[in-house]
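Below is the file protein.pdb, which contains PDB, C-alpha atoms.
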```pdb
ATOM      1  CA  MET A   1      83.005  34.609 -21.726  1.00  0.00           C
ATOM      2  CA  SER A   2      86.443  33.735 -20.458  1.00  0.00           C
ATOM      3  CA  SER A   3      86.952  31.302 -17.606  1.00  0.00           C
ATOM      4  CA  ALA A   4      89.750  31.079 -15.064  1.00  0.00           C
ATOM      5  CA  GLU A   5      90.716  27.969 -13.189  1.00  0.00           C
ATOM      6  CA  VAL A   6      93.194  28.495 -10.412  1.00  0.00           C
ATOM      7  CA  ASP A   7      95.169  25.519  -9.125  1.00  0.00           C
ATOM      8  CA  ASP A   8      95.538  25.521  -5.351  1.00  0.00           C
ATOM      9  CA  ALA A   9      97.856  23.430  -3.178  1.00  0.00           C
ATOM     10  CA  GLU A  10      96.911  22.157   0.257  1.00  0.00           C
ATOM     11  CA  ASP A  11     100.126  23.266   1.885  1.00  0.00           C
ATOM     12  CA  GLU A  12      99.812  26.776   0.408  1.00  0.00           C
ATOM     13  CA  GLY A  13      96.322  27.370   1.771  1.00  0.00           C
ATOM     14  CA  ARG A  14      97.728  29.100   4.853  1.00  0.00           C
ATOM     15  CA  LEU A  15     100.206  31.260   2.952  1.00  0.00           C
ATOM     16  CA  PHE A  16      97.984  33.468   0.819  1.00  0.00           C
ATOM     17  CA  THR A  17      94.584  34.015  -0.719  1.00  0.00           C
ATOM     18  CA  LEU A  18      93.826  34.981  -4.291  1.00  0.00           C
ATOM     19  CA  ARG A  19      90.652  36.701  -5.362  1.00  0.00           C
ATOM     20  CA  GLY A  20      89.471  37.711  -8.799  1.00  0.00           C
ATOM     21  CA  GLU A  21      87.388  40.702  -9.766  1.00  0.00           C
ATOM     22  CA  GLU A  22      85.799  41.260 -13.160  1.00  0.00           C
ATOM     23  CA  ILE A  23      87.215  44.062 -15.284  1.00  0.00           C
ATOM     24  CA  ASP A  24      86.390  45.182 -18.777  1.00  0.00           C
ATOM     25  CA  GLY A  25      87.246  42.238 -20.994  1.00  0.00           C
ATOM     26  CA  GLY A  26      88.797  40.035 -18.357  1.00  0.00           C
ATOM     27  CA  THR A  27      89.720  39.443 -14.726  1.00  0.00           C
ATOM     28  CA  ARG A  28      92.058  41.111 -12.243  1.00  0.00           C
ATOM     29  CA  TYR A  29      93.616  38.995  -9.497  1.00  0.00           C
ATOM     30  CA  ARG A  30      94.697  40.327  -6.126  1.00  0.00           C
ATOM     31  CA  VAL A  31      96.842  38.313  -3.725  1.00  0.00           C
ATOM     32  CA  ARG A  32      96.866  38.670   0.068  1.00  0.00           C
ATOM     33  CA  ASN A  33      99.873  37.511   2.046  1.00  0.00           C
ATOM     34  CA  LEU A  34      98.706  35.760   5.219  1.00  0.00           C
ATOM     35  CA  LEU A  35     102.181  35.669   6.783  1.00  0.00           C
ATOM     36  CA  ALA A  36     103.730  38.224   9.138  1.00  0.00           C
ATOM     37  CA  GLY A  37     106.754  38.324   6.821  1.00  0.00           C
ATOM     38  CA  PRO A  38     107.502  38.556   3.093  1.00  0.00           C
ATOM     39  CA  LEU A  39     106.149  36.011   0.631  1.00  0.00           C
ATOM     40  CA  LEU A  40     107.346  35.320  -2.915  1.00  0.00           C
ATOM     41  CA  VAL A  41     104.354  34.598  -5.178  1.00  0.00           C
ATOM     42  CA  ARG A  42     104.755  33.170  -8.680  1.00  0.00           C
ATOM     43  CA  ALA A  43     102.181  32.885 -11.450  1.00  0.00           C
ATOM     44  CA  ASP A  44     102.194  31.397 -14.936  1.00  0.00           C
ATOM     45  CA  TRP A  45      99.876  30.097 -17.620  1.00  0.00           C
ATOM     46  CA  THR A  46      99.147  26.398 -17.851  1.00  0.00           C
ATOM     47  CA  GLU A  47      96.508  26.936 -20.539  1.00  0.00           C
ATOM     48  CA  ARG A  48      95.852  29.984 -22.688  1.00  0.00           C
ATOM     49  CA  GLU A  49      93.564  30.879 -25.580  1.00  0.00           C
ATOM     50  CA  ASN A  50      92.954  34.436 -26.774  1.00  0.00           C
ATOM     51  CA  MET A  51      94.179  36.021 -23.531  1.00  0.00           C
ATOM     52  CA  LEU A  52      96.790  38.623 -22.605  1.00  0.00           C
ATOM     53  CA  ALA A  53      98.317  39.196 -19.174  1.00  0.00           C
ATOM     54  CA  ASP A  54      99.527  42.436 -17.581  1.00  0.00           C
ATOM     55  CA  PRO A  55     102.253  42.109 -16.448  1.00  0.00           C
ATOM     56  CA  VAL A  56     103.328  39.336 -18.787  1.00  0.00           C
ATOM     57  CA  LEU A  57     103.603  35.816 -17.417  1.00  0.00           C
ATOM     58  CA  PRO A  58     105.500  34.140 -15.866  1.00  0.00           C
ATOM     59  CA  LEU A  59     105.939  36.621 -13.039  1.00  0.00           C
ATOM     60  CA  ARG A  60     107.330  36.751  -9.513  1.00  0.00           C
ATOM     61  CA  ARG A  61     106.324  39.268  -6.849  1.00  0.00           C
ATOM     62  CA  VAL A  62     107.453  39.664  -3.269  1.00  0.00           C
ATOM     63  CA  VAL A  63     104.381  40.561  -1.195  1.00  0.00           C
ATOM     64  CA  PRO A  64     105.102  42.370   2.097  1.00  0.00           C
ATOM     65  CA  ALA A  65     103.875  40.985   5.407  1.00  0.00           C
ATOM     66  CA  LEU A  66     100.069  40.804   5.660  1.00  0.00           C
ATOM     67  CA  ALA A  67      99.706  42.986   2.549  1.00  0.00           C
ATOM     68  CA  GLU A  68      97.354  42.688  -0.405  1.00  0.00           C
ATOM     69  CA  ILE A  69      98.554  43.697  -3.867  1.00  0.00           C
ATOM     70  CA  GLU A  70      97.365  43.458  -7.448  1.00  0.00           C
ATOM     71  CA  LEU A  71      99.119  40.445  -8.927  1.00  0.00           C
ATOM     72  CA  VAL A  72      98.017  40.205 -12.560  1.00  0.00           C
ATOM     73  CA  SER A  73      95.197  41.145 -14.926  1.00  0.00           C
ATOM     74  CA  MET A  74      93.990  38.957 -17.798  1.00  0.00           C
ATOM     75  CA  ARG A  75      92.084  40.376 -20.779  1.00  0.00           C
ATOM     76  CA  HIS A  76      90.695  39.099 -24.062  1.00  0.00           C
ATOM     77  CA  ASP A  77      93.036  39.575 -26.979  1.00  0.00           C
ATOM     78  CA  ASP A  78      90.153  39.517 -29.490  1.00  0.00           C
ATOM     79  CA  ARG A  79      86.666  39.965 -28.011  1.00  0.00           C
ATOM     80  CA  ALA A  80      85.078  38.479 -31.102  1.00  0.00           C
ATOM     81  CA  ARG A  81      86.569  35.067 -30.323  1.00  0.00           C
ATOM     82  CA  PRO A  82      86.096  32.735 -27.320  1.00  0.00           C
ATOM     83  CA  ALA A  83      88.729  32.982 -24.598  1.00  0.00           C
ATOM     84  CA  ARG A  84      89.798  30.803 -21.715  1.00  0.00           C
ATOM     85  CA  PHE A  85      92.811  30.273 -19.535  1.00  0.00           C
ATOM     86  CA  ARG A  86      94.181  28.337 -16.591  1.00  0.00           C
ATOM     87  CA  LEU A  87      96.490  30.040 -14.134  1.00  0.00           C
ATOM     88  CA  GLU A  88      98.987  28.168 -11.968  1.00  0.00           C
ATOM     89  CA  TYR A  89     100.496  29.867  -8.965  1.00  0.00           C
ATOM     90  CA  SER A  90     102.765  29.015  -6.081  1.00  0.00           C
ATOM     91  CA  ALA A  91     104.399  30.749  -3.135  1.00  0.00           C
ATOM     92  CA  VAL A  92     107.565  30.528  -1.053  1.00  0.00           C
ATOM     93  CA  PRO A  93     107.941  32.188   2.374  1.00  0.00           C
ATOM     94  CA  GLY A  94     110.638  34.814   2.661  1.00  0.00           C
ATOM     95  CA  SER A  95     112.374  37.171   0.282  1.00  0.00           C
ATOM     96  CA  PRO A  96     114.981  35.914  -2.219  1.00  0.00           C
ATOM     97  CA  ASN A  97     117.010  39.016  -1.330  1.00  0.00           C
ATOM     98  CA  ALA A  98     117.752  37.804   2.223  1.00  0.00           C
ATOM     99  CA  ARG A  99     121.389  37.265   3.140  1.00  0.00           C
ATOM    100  CA  HIS A 100     122.479  35.419   6.275  1.00  0.00           C
ATOM    101  CA  SER A 101     124.499  37.660   8.563  1.00  0.00           C
ATOM    102  CA  LEU A 102     128.030  36.371   9.077  1.00  0.00           C
ATOM    103  CA  ALA A 103     127.802  37.580  12.682  1.00  0.00           C
ATOM    104  CA  ALA A 104     124.665  35.588  13.461  1.00  0.00           C
ATOM    105  CA  ARG A 105     124.899  33.243  16.434  1.00  0.00           C
ATOM    106  CA  TYR A 106     122.301  30.872  17.788  1.00  0.00           C
ATOM    107  CA  ARG A 107     121.732  29.611  21.304  1.00  0.00           C
ATOM    108  CA  VAL A 108     120.478  26.141  22.151  1.00  0.00           C
ATOM    109  CA  PRO A 109     116.656  26.413  22.046  1.00  0.00           C
ATOM    110  CA  PHE A 110     116.172  25.071  25.585  1.00  0.00           C
ATOM    111  CA  ALA A 111     116.694  26.341  29.106  1.00  0.00           C
ATOM    112  CA  ALA A 112     119.851  25.541  31.006  1.00  0.00           C
ATOM    113  CA  GLY A 113     119.581  22.163  32.680  1.00  0.00           C
ATOM    114  CA  VAL A 114     117.319  20.588  30.061  1.00  0.00           C
ATOM    115  CA  ASP A 115     118.573  17.144  29.051  1.00  0.00           C
ATOM    116  CA  TRP A 116     118.830  17.123  25.254  1.00  0.00           C
ATOM    117  CA  ARG A 117     120.912  15.363  22.646  1.00  0.00           C
ATOM    118  CA  VAL A 118     121.357  15.665  18.893  1.00  0.00           C
ATOM    119  CA  GLY A 119     119.455  12.808  17.280  1.00  0.00           C
ATOM    120  CA  GLN A 120     120.280  13.895  13.734  1.00  0.00           C
ATOM    121  CA  GLY A 121     122.510  16.680  12.481  1.00  0.00           C
ATOM    122  CA  PHE A 122     123.594  18.221   9.188  1.00  0.00           C
ATOM    123  CA  HIS A 123     123.286  15.730   6.293  1.00  0.00           C
ATOM    124  CA  GLY A 124     121.577  13.205   8.558  1.00  0.00           C
ATOM    125  CA  ARG A 125     120.937   9.990   6.664  1.00  0.00           C
ATOM    126  CA  TYR A 126     117.371   9.449   7.809  1.00  0.00           C
ATOM    127  CA  SER A 127     115.654  12.652   6.659  1.00  0.00           C
ATOM    128  CA  HIS A 128     118.225  15.437   6.223  1.00  0.00           C
ATOM    129  CA  GLN A 129     119.114  14.774   2.604  1.00  0.00           C
ATOM    130  CA  HIS A 130     116.863  17.337   0.938  1.00  0.00           C
ATOM    131  CA  PRO A 131     117.628  21.053   0.444  1.00  0.00           C
ATOM    132  CA  VAL A 132     115.046  22.194   2.999  1.00  0.00           C
ATOM    133  CA  SER A 133     116.490  19.968   5.746  1.00  0.00           C
ATOM    134  CA  ARG A 134     120.103  19.329   4.722  1.00  0.00           C
ATOM    135  CA  TYR A 135     121.425  21.684   7.397  1.00  0.00           C
ATOM    136  CA  ALA A 136     118.836  20.954  10.085  1.00  0.00           C
ATOM    137  CA  VAL A 137     119.397  19.690  13.612  1.00  0.00           C
ATOM    138  CA  ASP A 138     116.995  17.338  15.407  1.00  0.00           C
ATOM    139  CA  PHE A 139     117.118  17.647  19.193  1.00  0.00           C
ATOM    140  CA  THR A 140     115.792  14.640  21.078  1.00  0.00           C
ATOM    141  CA  VAL A 141     113.762  15.914  24.033  1.00  0.00           C
ATOM    142  CA  PRO A 142     110.623  14.735  25.850  1.00  0.00           C
ATOM    143  CA  VAL A 143     107.210  15.951  24.713  1.00  0.00           C
ATOM    144  CA  GLY A 144     106.317  19.141  26.565  1.00  0.00           C
ATOM    145  CA  THR A 145     109.863  20.525  26.834  1.00  0.00           C
ATOM    146  CA  PRO A 146     109.790  24.351  26.642  1.00  0.00           C
ATOM    147  CA  VAL A 147     111.264  25.552  23.311  1.00  0.00           C
ATOM    148  CA  LEU A 148     113.070  28.897  23.390  1.00  0.00           C
ATOM    149  CA  ALA A 149     114.025  31.239  20.563  1.00  0.00           C
ATOM    150  CA  ALA A 150     117.562  30.514  19.394  1.00  0.00           C
ATOM    151  CA  ARG A 151     117.826  34.024  17.925  1.00  0.00           C
ATOM    152  CA  ALA A 152     115.749  37.197  18.095  1.00  0.00           C
ATOM    153  CA  GLY A 153     113.127  37.809  15.446  1.00  0.00           C
ATOM    154  CA  VAL A 154     109.467  38.275  14.543  1.00  0.00           C
ATOM    155  CA  VAL A 155     107.004  35.398  14.603  1.00  0.00           C
ATOM    156  CA  MET A 156     106.164  34.992  10.932  1.00  0.00           C
ATOM    157  CA  GLN A 157     103.900  31.939  10.942  1.00  0.00           C
ATOM    158  CA  VAL A 158     102.566  29.360  13.381  1.00  0.00           C
ATOM    159  CA  GLN A 159     100.716  26.073  13.095  1.00  0.00           C
ATOM    160  CA  ASP A 160      99.594  24.160  16.160  1.00  0.00           C
ATOM    161  CA  ASP A 161      96.335  22.389  15.292  1.00  0.00           C
ATOM    162  CA  TRP A 162      97.712  19.061  14.051  1.00  0.00           C
ATOM    163  CA  ARG A 163      97.839  16.021  16.267  1.00  0.00           C
ATOM    164  CA  GLY A 164      99.470  12.672  15.674  1.00  0.00           C
ATOM    165  CA  ARG A 165     102.531  11.583  13.743  1.00  0.00           C
ATOM    166  CA  GLY A 166     103.633   8.978  11.220  1.00  0.00           C
ATOM    167  CA  ARG A 167     106.508   7.708   9.112  1.00  0.00           C
ATOM    168  CA  VAL A 168     104.907   8.126   5.666  1.00  0.00           C
ATOM    169  CA  LEU A 169     106.389  11.333   4.259  1.00  0.00           C
ATOM    170  CA  GLU A 170     103.571  12.008   1.794  1.00  0.00           C
ATOM    171  CA  ASP A 171     100.942  11.764   4.526  1.00  0.00           C
ATOM    172  CA  PHE A 172     102.662  13.626   7.344  1.00  0.00           C
ATOM    173  CA  ALA A 173     105.169  16.072   5.805  1.00  0.00           C
ATOM    174  CA  HIS A 174     102.850  19.064   6.284  1.00  0.00           C
ATOM    175  CA  ARG A 175     101.329  17.956   9.580  1.00  0.00           C
ATOM    176  CA  ALA A 176     104.018  19.064  11.976  1.00  0.00           C
ATOM    177  CA  ASN A 177     103.138  21.941  14.279  1.00  0.00           C
ATOM    178  CA  PHE A 178     105.711  24.700  14.049  1.00  0.00           C
ATOM    179  CA  VAL A 179     106.840  28.265  14.616  1.00  0.00           C
ATOM    180  CA  ARG A 180     108.542  30.151  11.783  1.00  0.00           C
ATOM    181  CA  LEU A 181     110.652  33.058  13.046  1.00  0.00           C
ATOM    182  CA  LEU A 182     111.848  35.863  10.752  1.00  0.00           C
ATOM    183  CA  HIS A 183     115.284  37.277  11.607  1.00  0.00           C
ATOM    184  CA  ASP A 184     116.373  40.849  10.916  1.00  0.00           C
ATOM    185  CA  ASP A 185     118.576  39.720   8.008  1.00  0.00           C
ATOM    186  CA  GLY A 186     115.589  38.099   6.264  1.00  0.00           C
ATOM    187  CA  THR A 187     116.499  34.496   7.087  1.00  0.00           C
ATOM    188  CA  MET A 188     113.950  32.307   8.847  1.00  0.00           C
ATOM    189  CA  ALA A 189     114.214  29.776  11.655  1.00  0.00           C
ATOM    190  CA  MET A 190     111.932  26.751  11.684  1.00  0.00           C
ATOM    191  CA  TYR A 191     111.017  25.118  15.006  1.00  0.00           C
ATOM    192  CA  ALA A 192     108.996  22.022  14.078  1.00  0.00           C
ATOM    193  CA  HIS A 193     107.162  19.000  15.540  1.00  0.00           C
ATOM    194  CA  LEU A 194     105.732  21.060  18.386  1.00  0.00           C
ATOM    195  CA  GLU A 195     102.982  19.769  20.650  1.00  0.00           C
ATOM    196  CA  TYR A 196      99.300  19.903  19.665  1.00  0.00           C
ATOM    197  CA  TYR A 197      98.175  23.408  20.663  1.00  0.00           C
ATOM    198  CA  GLY A 198     101.657  23.835  22.040  1.00  0.00           C
ATOM    199  CA  VAL A 199     102.560  27.181  20.434  1.00  0.00           C
ATOM    200  CA  GLY A 200     102.786  30.099  22.847  1.00  0.00           C
ATOM    201  CA  VAL A 201     103.370  33.020  20.468  1.00  0.00           C
ATOM    202  CA  LYS A 202     101.353  34.808  17.777  1.00  0.00           C
ATOM    203  CA  PRO A 203     102.237  36.023  14.260  1.00  0.00           C
ATOM    204  CA  GLY A 204     103.701  39.513  14.327  1.00  0.00           C
ATOM    205  CA  GLN A 205     105.067  39.143  17.860  1.00  0.00           C
ATOM    206  CA  ARG A 206     108.717  40.109  18.350  1.00  0.00           C
ATOM    207  CA  VAL A 207     110.753  37.789  20.543  1.00  0.00           C
ATOM    208  CA  ALA A 208     114.243  37.959  21.966  1.00  0.00           C
ATOM    209  CA  ALA A 209     116.699  35.096  22.054  1.00  0.00           C
ATOM    210  CA  GLY A 210     115.684  32.872  24.959  1.00  0.00           C
ATOM    211  CA  ASP A 211     111.990  33.796  24.911  1.00  0.00           C
ATOM    212  CA  LEU A 212     109.469  30.957  25.111  1.00  0.00           C
ATOM    213  CA  LEU A 213     107.993  29.891  21.747  1.00  0.00           C
ATOM    214  CA  GLY A 214     106.078  26.773  22.739  1.00  0.00           C
ATOM    215  CA  LEU A 215     106.368  23.147  23.770  1.00  0.00           C
ATOM    216  CA  SER A 216     108.172  20.375  21.948  1.00  0.00           C
ATOM    217  CA  GLY A 217     106.111  17.480  20.652  1.00  0.00           C
ATOM    218  CA  ASN A 218     105.961  14.575  18.265  1.00  0.00           C
ATOM    219  CA  THR A 219     103.732  15.719  15.412  1.00  0.00           C
ATOM    220  CA  GLY A 220     103.962  15.235  11.670  1.00  0.00           C
ATOM    221  CA  TYR A 221     106.624  13.171   9.911  1.00  0.00           C
ATOM    222  CA  SER A 222     108.429  11.911  12.987  1.00  0.00           C
ATOM    223  CA  THR A 223     109.852   8.736  14.471  1.00  0.00           C
ATOM    224  CA  GLY A 224     109.801  10.008  18.050  1.00  0.00           C
ATOM    225  CA  PRO A 225     109.658  13.108  20.264  1.00  0.00           C
ATOM    226  CA  HIS A 226     112.078  15.776  19.088  1.00  0.00           C
ATOM    227  CA  LEU A 227     112.518  19.376  17.967  1.00  0.00           C
ATOM    228  CA  HIS A 228     113.545  20.005  14.368  1.00  0.00           C
ATOM    229  CA  PHE A 229     115.505  23.251  13.977  1.00  0.00           C
ATOM    230  CA  ALA A 230     116.725  24.783  10.729  1.00  0.00           C
ATOM    231  CA  VAL A 231     117.679  28.180   9.337  1.00  0.00           C
ATOM    232  CA  LEU A 232     116.018  28.729   5.970  1.00  0.00           C
ATOM    233  CA  VAL A 233     116.320  31.105   3.042  1.00  0.00           C
ATOM    234  CA  ASN A 234     114.226  31.596  -0.073  1.00  0.00           C
ATOM    235  CA  ASP A 235     116.469  30.956  -3.086  1.00  0.00           C
ATOM    236  CA  GLY A 236     113.825  32.081  -5.601  1.00  0.00           C
ATOM    237  CA  ARG A 237     112.685  28.525  -6.312  1.00  0.00           C
ATOM    238  CA  GLY A 238     111.949  27.186  -2.842  1.00  0.00           C
ATOM    239  CA  GLU A 239     113.088  27.077   0.748  1.00  0.00           C
ATOM    240  CA  VAL A 240     116.584  25.795   1.416  1.00  0.00           C
ATOM    241  CA  SER A 241     118.386  25.267   4.698  1.00  0.00           C
ATOM    242  CA  ILE A 242     121.769  26.883   5.292  1.00  0.00           C
ATOM    243  CA  PRO A 243     124.645  26.144   7.714  1.00  0.00           C
ATOM    244  CA  PHE A 244     124.615  27.988  11.029  1.00  0.00           C
ATOM    245  CA  ASP A 245     126.672  28.113  14.224  1.00  0.00           C
ATOM    246  CA  MET A 246     124.958  27.233  17.499  1.00  0.00           C
ATOM    247  CA  ASP A 247     126.740  27.678  20.790  1.00  0.00           C
ATOM    248  CA  GLY A 248     127.188  24.350  22.553  1.00  0.00           C
ATOM    249  CA  VAL A 249     126.358  22.162  19.551  1.00  0.00           C
ATOM    250  CA  GLU A 250     129.170  20.483  17.646  1.00  0.00           C
TER     251      GLU A 250
END
```
Structure re-expressed in structure tokens:
Amino acid sequence: MSSAEVDDAEDEGRLFTLRGEEIDGGTRYRVRNLLAGPLLVRADWTERENMLADPVLPLRRVVPALAEIELVSMRHDDRARPARFRLEYSAVPGSPNARHSLAARYRVPFAAGVDWRVGQGFHGRYSHQHPVSRYAVDFTVPVGTPVLAARAGVVMQVQDDWRGRGRVLEDFAHRANFVRLLHDDGTMAMYAHLEYYGVGVKPGQRVAAGDLLGLSGNTGYSTGPHLHFAVLVNDGRGEVSIPFDMDGVE
């Protein structure tokens, strides 16, 4: 008999599910995208003995929003010999084919009259030195401040069941509540550090610029109450932030 061991990652548990079904001489794996937007799924061998894959590994597939597709099938090469394998997989939100519209403009994600300031901007020395946050803006606002959509789009993913915050990146990096918004050009906006149960929209919901998304908070990897905002693209290897123009922010 062959055996499959699939490596999972804690932060990918809300992106997709993978299920195997026995086929003649092997196993077929199907992947379900849990996001209301495209998801790039990658798979490769980490261990292989007497097994063949169809399609060949490594592979990359873009899975449409909330869709389930056949990812890969593994079969014995020689049924007279023992077979085993280990499959490693990973996923990145968004499509690598997205291109940021040159005409895209963003509004400040708060109502007129809200007292906000930029605590950290592009290339901020404290935490904006990595590709995913290099072009992010941190707005310092009190907990509970209404957060509005800076640009129209579809709610792609939400998380609002974490409470608490800390300054240890490894412990708190994935514990910020957030809304991920998918724009029409395939780019994504991240609104992070929202309040515990402070998200007011649902995946698949279309919002216009200025619509309420939720309430600002102080969750995850954070030194104080603020809203983290970034425009992200999938570059085929991971999520990276890109420069953007926001009216009223220098």
Problem - Residue contacts of Val233 (chain A) (12 Å, all atoms listed in the file) excluding same-chain residues fewer than 5 positions away, as a PyMOL selection string - result: chain A and resi 38-40+92-101+131-133+135+180-183+185-190+238-244
Exercise for the section: Could you expand the PyMOL selection byres ((chain A and resi 32-36) around 7) into the explicit residues it covers here, written as number ranges by chain? Expected result: A: 14-18, 30-31, 37, 39, 63, 65-69, 155-157, 203-204
Exercise for the section: Could you check how far CA of Leu59 (chain A) sits from CA of Asp78 (chain A), in Å to one decimal? Expected result: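 So the two atoms, CA of Leu59 (chain A) and CA of Asp78 (chain A), lie 23.0 Å apart.
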Handout entry: For CA of Asp245 (chain A) and CA of Val62 (chain A), the interatomic separation in Å (one decimal)
Key = 28.4 Å
Practice task
Could you list the residues chosen by the PyMOL selection byres ((chain A and resi 247) around 12) in this structure as an MDAnalysis selection string?
Solution key: chainID A and resid 104:110 150:151 244:246 248:250
Please produce an output containing C-alpha atoms for each residue in the selection, written as a compact mmCIF listing (two decimals), in the frame of the given file.
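What landed in part25.txt:
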```txt
# COMPACT_ATOMS: atom_id res chain seq x y z
CA ALA A 104 124.66 35.59 13.46
CA ARG A 105 124.90 33.24 16.43
CA TYR A 106 122.30 30.87 17.79
CA ARG A 107 121.73 29.61 21.30
CA VAL A 108 120.48 26.14 22.15
CA PRO A 109 116.66 26.41 22.05
CA PHE A 110 116.17 25.07 25.58
CA ALA A 150 117.56 30.51 19.39
CA ARG A 151 117.83 34.02 17.92
CA PHE A 244 124.62 27.99 11.03
CA ASP A 245 126.67 28.11 14.22
CA MET A 246 124.96 27.23 17.50
CA GLY A 248 127.19 24.35 22.55
CA VAL A 249 126.36 22.16 19.55
CA GLU A 250 129.17 20.48 17.65
```
Fill in the blank from the handout: In Å and to one decimal, CA of Arg125 (chain A) is distant from CA of Val137 (chain A) by 12.0 Å
Exercise for the section: Please identify all polymer residues within 8 Å of region 74-76 of chain A, counting only C-alpha atoms, omitting same-chain residues fewer than 6 positions from it, and present them as a list of chain:residue names. Expected result: A:Ser2, A:Asp24, A:Gly25, A:Gly26, A:Thr27, A:Arg28, A:Asn50, A:Met51, A:Leu52, A:Ala53, A:Asp54, A:Ala83
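Proximity to region 211-214 of chain A at 9 Å, evaluated using all atoms listed in the file and with sequence-adjacent residues fewer than 2 positions away removed, yields Phe110, Gly144, Thr145, Pro146, Val147, Leu148, Ala149, Ala150, Ala152, Phe178, Val179, Tyr191, Leu194, Glu195, Tyr197, Gly198, Val199, Gly200, Val201, Val207, Ala208, Ala209 and Ser216 of chain A.
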Residues of the last selection are to be written out with C-alpha atoms, as an mmCIF file, in the frame of the given file.
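Output file result.cif is given in full below:
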```
data_model
loop_
_atom_site.group_PDB
_atom_site.id
_atom_site.type_symbol
_atom_site.label_atom_id
_atom_site.label_comp_id
_atom_site.auth_asym_id
_atom_site.auth_seq_id
_atom_site.Cartn_x
_atom_site.Cartn_y
_atom_site.Cartn_z
ATOM 1 C CA PHE A 110 116.172 25.071 25.585
ATOM 2 C CA GLY A 144 106.317 19.141 26.565
ATOM 3 C CA THR A 145 109.863 20.525 26.834
ATOM 4 C CA PRO A 146 109.790 24.351 26.642
ATOM 5 C CA VAL A 147 111.264 25.552 23.311
ATOM 6 C CA LEU A 148 113.070 28.897 23.390
ATOM 7 C CA ALA A 149 114.025 31.239 20.563
ATOM 8 C CA ALA A 150 117.562 30.514 19.394
ATOM 9 C CA ALA A 152 115.749 37.197 18.095
ATOM 10 C CA PHE A 178 105.711 24.700 14.049
ATOM 11 C CA VAL A 179 106.840 28.265 14.616
ATOM 12 C CA TYR A 191 111.017 25.118 15.006
ATOM 13 C CA LEU A 194 105.732 21.060 18.386
ATOM 14 C CA GLU A 195 102.982 19.769 20.650
ATOM 15 C CA TYR A 197 98.175 23.408 20.663
ATOM 16 C CA GLY A 198 101.657 23.835 22.040
ATOM 17 C CA VAL A 199 102.560 27.181 20.434
ATOM 18 C CA GLY A 200 102.786 30.099 22.847
ATOM 19 C CA VAL A 201 103.370 33.020 20.468
ATOM 20 C CA VAL A 207 110.753 37.789 20.543
ATOM 21 C CA ALA A 208 114.243 37.959 21.966
ATOM 22 C CA ALA A 209 116.699 35.096 22.054
ATOM 23 C CA SER A 216 108.172 20.375 21.948
#
```
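Using all atoms listed in the file, the smallest distance between any of A:Arg86, A:Arg237, A:His123, A:His193 and Phe139 (chain A) comes from A:His193.
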Adding 5 Å on each side of the box along x, y and z that holds all listed atoms of region 139-150 of chain A, could you give its centre and edge lengths in Å to one decimal, as AutoDock Vina command-line options?
```
--center_x 111.9 --center_y 22.9 --center_z 23.0 --size_x 21.2 --size_y 26.6 --size_z 17.6
```
Problem - Shortest interatomic distance to Pro225 (chain A) - which of A:Asp138, A:Asp77, A:Asp115, A:Asp160, counting only C-alpha atoms - result: A:Asp138
On this structure, which residues satisfy the PyMOL selection byres ((chain A and resi 71) around 6), written as a short mmCIF file (atom, residue, chain, number, x, y, z; two decimals) with C-alpha atoms, in the frame of the given file?
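Printed below is result-v3.cif as written:
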```cif
data_model
loop_
_atom_site.label_atom_id
_atom_site.label_comp_id
_atom_site.auth_asym_id
_atom_site.auth_seq_id
_atom_site.Cartn_x
_atom_site.Cartn_y
_atom_site.Cartn_z
CA TYR A 29 93.62 38.99 -9.50
CA ARG A 30 94.70 40.33 -6.13
CA GLU A 70 97.36 43.46 -7.45
CA VAL A 72 98.02 40.20 -12.56
#
```
